[in-house]
$ cat upload18.cif   # mmCIF, C-alpha atoms
data_my_file
loop_
_atom_site.label_atom_id
_atom_site.label_comp_id
_atom_site.auth_asym_id
_atom_site.auth_seq_id
_atom_site.Cartn_x
_atom_site.Cartn_y
_atom_site.Cartn_z
CA MET A 29 5.63 126.24 51.45
CA ASN A 30 2.66 125.25 53.50
CA GLU A 31 -0.59 127.15 54.10
CA HIS A 32 0.82 128.95 57.19
CA SER A 33 3.62 130.64 55.28
CA PRO A 34 1.72 133.73 53.99
CA VAL A 35 0.36 134.55 57.46
CA LEU A 36 3.77 134.09 59.06
CA ARG A 37 5.41 136.19 56.33
CA ALA A 38 2.85 138.99 56.80
CA ALA A 39 3.29 139.04 60.59
CA LEU A 40 7.07 139.10 60.28
CA GLY A 41 6.90 141.85 57.66
CA PHE A 42 4.85 144.08 59.95
CA LEU A 43 7.15 143.29 62.89
CA ALA A 44 10.08 144.60 60.85
CA LEU A 45 8.45 148.06 60.76
CA GLU A 46 8.99 150.70 63.44
CA PRO A 47 6.09 150.45 65.89
CA ARG A 48 4.83 154.01 65.40
CA ALA A 49 1.18 153.26 64.65
CA PRO A 50 -1.02 151.89 67.47
CA GLU A 51 -1.66 148.70 65.50
CA LEU A 52 2.06 148.03 65.15
CA ARG A 53 2.64 148.71 68.85
CA LEU A 54 -0.06 146.15 69.63
CA LEU A 55 1.59 143.61 67.33
CA HIS A 56 4.96 144.20 69.01
CA ARG A 57 3.40 143.84 72.47
CA CYS A 58 2.19 140.40 71.39
CA PHE A 59 5.34 139.19 69.62
CA ASP A 60 8.19 140.92 71.48
CA THR A 61 7.85 138.42 74.32
CA TRP A 62 8.88 134.85 75.11
CA ARG A 63 5.35 133.78 74.12
CA GLY A 64 5.82 135.57 70.80
CA ILE A 65 9.07 133.68 70.30
CA ALA A 66 7.19 130.42 70.85
CA ASP A 67 4.61 131.39 68.23
CA ILE A 68 7.28 132.15 65.62
CA VAL A 69 9.20 128.99 66.46
CA ALA A 70 5.99 126.97 66.04
CA GLY A 71 5.35 128.65 62.69
CA MET A 72 8.88 127.89 61.53
CA ALA A 73 8.54 124.28 62.76
CA HIS A 74 5.59 123.98 60.36
CA GLN A 75 8.04 125.11 57.66
CA GLU A 76 10.43 122.30 58.78
CA TYR A 77 12.97 124.53 60.57
CA ASP A 78 14.67 124.16 63.95
CA LEU A 79 15.90 127.04 66.10
CA GLU A 80 19.21 127.65 67.83
CA LEU A 81 19.16 130.69 70.12
CA ARG A 82 22.18 131.93 72.09
CA ARG A 83 22.80 134.87 74.39
CA TYR A 84 26.26 136.41 74.29
CA ASP A 85 27.14 137.82 77.71
CA GLY A 86 24.73 140.72 77.62
CA ARG A 87 25.94 141.87 74.17
CA GLY A 88 23.01 140.43 72.27
CA TRP A 89 21.38 137.32 70.90
CA ARG A 90 22.01 135.15 67.86
CA ALA A 91 19.21 133.15 66.30
CA ILE A 92 19.78 130.57 63.60
CA LEU A 93 17.01 128.64 61.90
CA PHE A 94 18.21 125.39 60.36
CA GLU A 95 16.36 123.01 58.11
CA SER A 96 15.01 120.26 60.38
CA GLY A 97 17.12 117.17 60.74
CA SER A 98 19.66 115.53 62.95
CA GLU A 99 22.57 117.61 61.65
CA HIS A 100 22.38 121.38 61.71
CA SER A 101 24.71 123.18 59.36
CA LEU A 102 24.79 126.63 57.83
CA THR A 103 23.46 125.85 54.40
CA SER A 104 22.12 128.39 51.95
CA HIS A 105 18.66 127.64 53.37
CA ALA A 106 19.52 128.57 56.97
CA GLY A 107 18.48 131.93 58.35
CA ALA A 108 20.46 133.87 60.93
CA ALA A 109 20.41 137.19 62.74
CA TRP A 110 21.98 139.12 65.63
CA ALA A 111 19.96 141.52 67.76
CA ARG A 112 19.81 143.05 71.24
CA SER A 113 16.66 141.09 72.13
CA PRO A 114 15.93 137.40 71.56
CA TRP A 115 12.59 138.12 69.86
CA GLU A 116 14.12 140.53 67.37
CA ALA A 117 16.88 138.03 66.55
CA ILE A 118 14.32 135.29 65.90
CA GLN A 119 12.06 137.57 63.86
CA ARG A 120 14.98 138.64 61.66
CA ALA A 121 16.24 135.06 61.23
CA ALA A 122 12.75 133.92 60.20
CA ILE A 123 12.50 136.75 57.67
CA ASP A 124 15.92 135.70 56.33
CA VAL A 125 14.69 132.11 55.82
CA LEU A 126 11.46 133.11 54.13
CA ARG A 127 13.25 135.51 51.77
CA LYS A 128 15.67 132.77 50.76
CA ARG A 129 12.80 130.37 50.13
CA GLU A 130 11.13 132.91 47.85
CA SER A 131 14.25 133.32 45.72
CA PRO A 132 16.12 130.01 45.82
CA GLU A 133 18.43 131.22 43.06
CA ALA A 134 20.25 133.55 45.47
CA ALA A 135 23.91 132.82 46.04
CA PRO A 136 24.75 131.04 49.29
CA ARG A 137 25.86 133.35 52.06
CA ASP A 138 29.57 133.37 52.87
CA TRP A 139 29.56 133.33 56.66
CA THR A 140 33.32 133.89 56.83
CA THR A 141 33.36 137.37 55.30
CA THR A 142 31.18 139.29 57.75
CA ASP A 143 31.07 139.81 61.46
CA GLU A 144 27.47 140.37 62.47
CA SER A 145 28.15 140.32 66.18
CA PRO A 146 26.75 143.23 68.16
CA THR A 147 29.13 146.04 69.02
#

$ encode --input "upload18.cif" --output "structure tokens"
Amino acid sequence: MNEHSPVLRAALGFLALEPRAPELRLLHRCFDTWRGIADIVAGMAHQEYDLELRRYDGRGWRAILFESGSEHSLTSHAGAAWARSPWEAIQRAAIDVLRKRESPEAAPRDWTTTDESPT
């Protein structure tokens, strides 16, 4: 992990909380935007991850963060999430990656057993 990882992890951790307190609402106003997406993508690029973001016909967004490289595949180090908004999908996918990096012993995710698409 590089020196940006703790700051990114802290920001993502606070973004995962319900924005009830004024400070959390302020954080969400900053990050729940396209600019906020760019900031998280830049932070993940420093961690050597690339983003794939897709919108599914008004049903929601899927974000996948892949280890950087010419071939993107769903390895145990990839992070993924579905959400109604693109920023929430990216925030959740980034949290998924950072959690996996903290505990590399975790079993690889079996992407064939769950359907995480929005209902």

$ resolve_selection --input "upload18.cif" --expression "the PyMOL selection byres ((chain A and resi 37) around 12)" --output "ChimeraX atom specification"
/A:29-36,38-44,68,71-72,75,119-127,129-130

$ closest_residue --input "upload18.cif" --among "A:Asp67, A:Glu116, A:Asp60, A:Glu46" --to "A:Ala91" --atoms "only C-alpha atoms"
A:Glu116

$ resolve_selection --input "upload18.cif" --expression "the PyMOL selection byres ((chain A and resi 96) around 7)" --output "mmCIF file with C-alpha atoms, in the coordinates of the input"
data_model
loop_
_atom_site.group_PDB
_atom_site.id
_atom_site.type_symbol
_atom_site.label_atom_id
_atom_site.label_comp_id
_atom_site.auth_asym_id
_atom_site.auth_seq_id
_atom_site.Cartn_x
_atom_site.Cartn_y
_atom_site.Cartn_z
ATOM 1 C CA GLU A 76 10.430 122.300 58.780
ATOM 2 C CA TYR A 77 12.970 124.530 60.570
ATOM 3 C CA ASP A 78 14.670 124.160 63.950
ATOM 4 C CA PHE A 94 18.210 125.390 60.360
ATOM 5 C CA GLU A 95 16.360 123.010 58.110
ATOM 6 C CA GLY A 97 17.120 117.170 60.740
#

$ resolve_selection --input "upload18.cif" --expression "the PyMOL selection byres ((chain A and resi 92) around 7)" --output "PDB file with C-alpha atoms, in the coordinates of the input"
ATOM      1  CA  LEU A  79      15.900 127.040  66.100  1.00  0.00           C
ATOM      2  CA  GLU A  80      19.210 127.650  67.830  1.00  0.00           C
ATOM      3  CA  LEU A  81      19.160 130.690  70.120  1.00  0.00           C
ATOM      4  CA  ARG A  90      22.010 135.150  67.860  1.00  0.00           C
ATOM      5  CA  ALA A  91      19.210 133.150  66.300  1.00  0.00           C
ATOM      6  CA  LEU A  93      17.010 128.640  61.900  1.00  0.00           C
ATOM      7  CA  PHE A  94      18.210 125.390  60.360  1.00  0.00           C
ATOM      8  CA  ALA A 106      19.520 128.570  56.970  1.00  0.00           C
ATOM      9  CA  GLY A 107      18.480 131.930  58.350  1.00  0.00           C
ATOM     10  CA  ALA A 108      20.460 133.870  60.930  1.00  0.00           C
ATOM     11  CA  ALA A 109      20.410 137.190  62.740  1.00  0.00           C
ATOM     12  CA  ALA A 121      16.240 135.060  61.230  1.00  0.00           C
TER      13      ALA A 121
END

$ closest_residue --input "upload18.cif" --among "A:Ala49, A:Leu54, A:Ala111, A:Ala66" --to "A:Trp89" --atoms "only C-alpha atoms"
A:Ala111

$ atom_distance --input "upload18.cif" --atom1 "atom CA of A:Arg87" --atom2 "atom CA of A:Ala117"
12.4 Å

$ atom_distance --input "upload18.cif" --atom1 "atom CA of A:Ser131" --atom2 "atom CA of A:His105"
10.5 Å

$ residues_around --input "upload18.cif" --residues "A:Gly88" --least-positions-apart "2" --cutoff "7 Å" --atoms "only C-alpha atoms" --output "MDAnalysis selection string"
chainID A and resid 83:84 86 90 110:113 146

$ write_last_selection --input "upload18.cif" --atoms "C-alpha atoms" --output "PDB file, in the frame of the given file"
ATOM      1  CA  ARG A  83      22.800 134.870  74.390  1.00  0.00           C
ATOM      2  CA  TYR A  84      26.260 136.410  74.290  1.00  0.00           C
ATOM      3  CA  GLY A  86      24.730 140.720  77.620  1.00  0.00           C
ATOM      4  CA  ARG A  90      22.010 135.150  67.860  1.00  0.00           C
ATOM      5  CA  TRP A 110      21.980 139.120  65.630  1.00  0.00           C
ATOM      6  CA  ALA A 111      19.960 141.520  67.760  1.00  0.00           C
ATOM      7  CA  ARG A 112      19.810 143.050  71.240  1.00  0.00           C
ATOM      8  CA  SER A 113      16.660 141.090  72.130  1.00  0.00           C
ATOM      9  CA  PRO A 146      26.750 143.230  68.160  1.00  0.00           C
TER      10      PRO A 146
END

$ atom_distance --input "upload18.cif" --atom1 "atom CA of A:Pro47" --atom2 "atom CA of A:Ala70"
23.5 Å

$ axis_aligned_box --input "upload18.cif" --around "stretch 59-68 of chain A" --padding-each-side "6 Å" --output "lines of an AutoDock Vina configuration file"
center_x = 6.8
center_y = 135.7
center_z = 70.4
size_x = 16.5
size_y = 22.5
size_z = 21.5
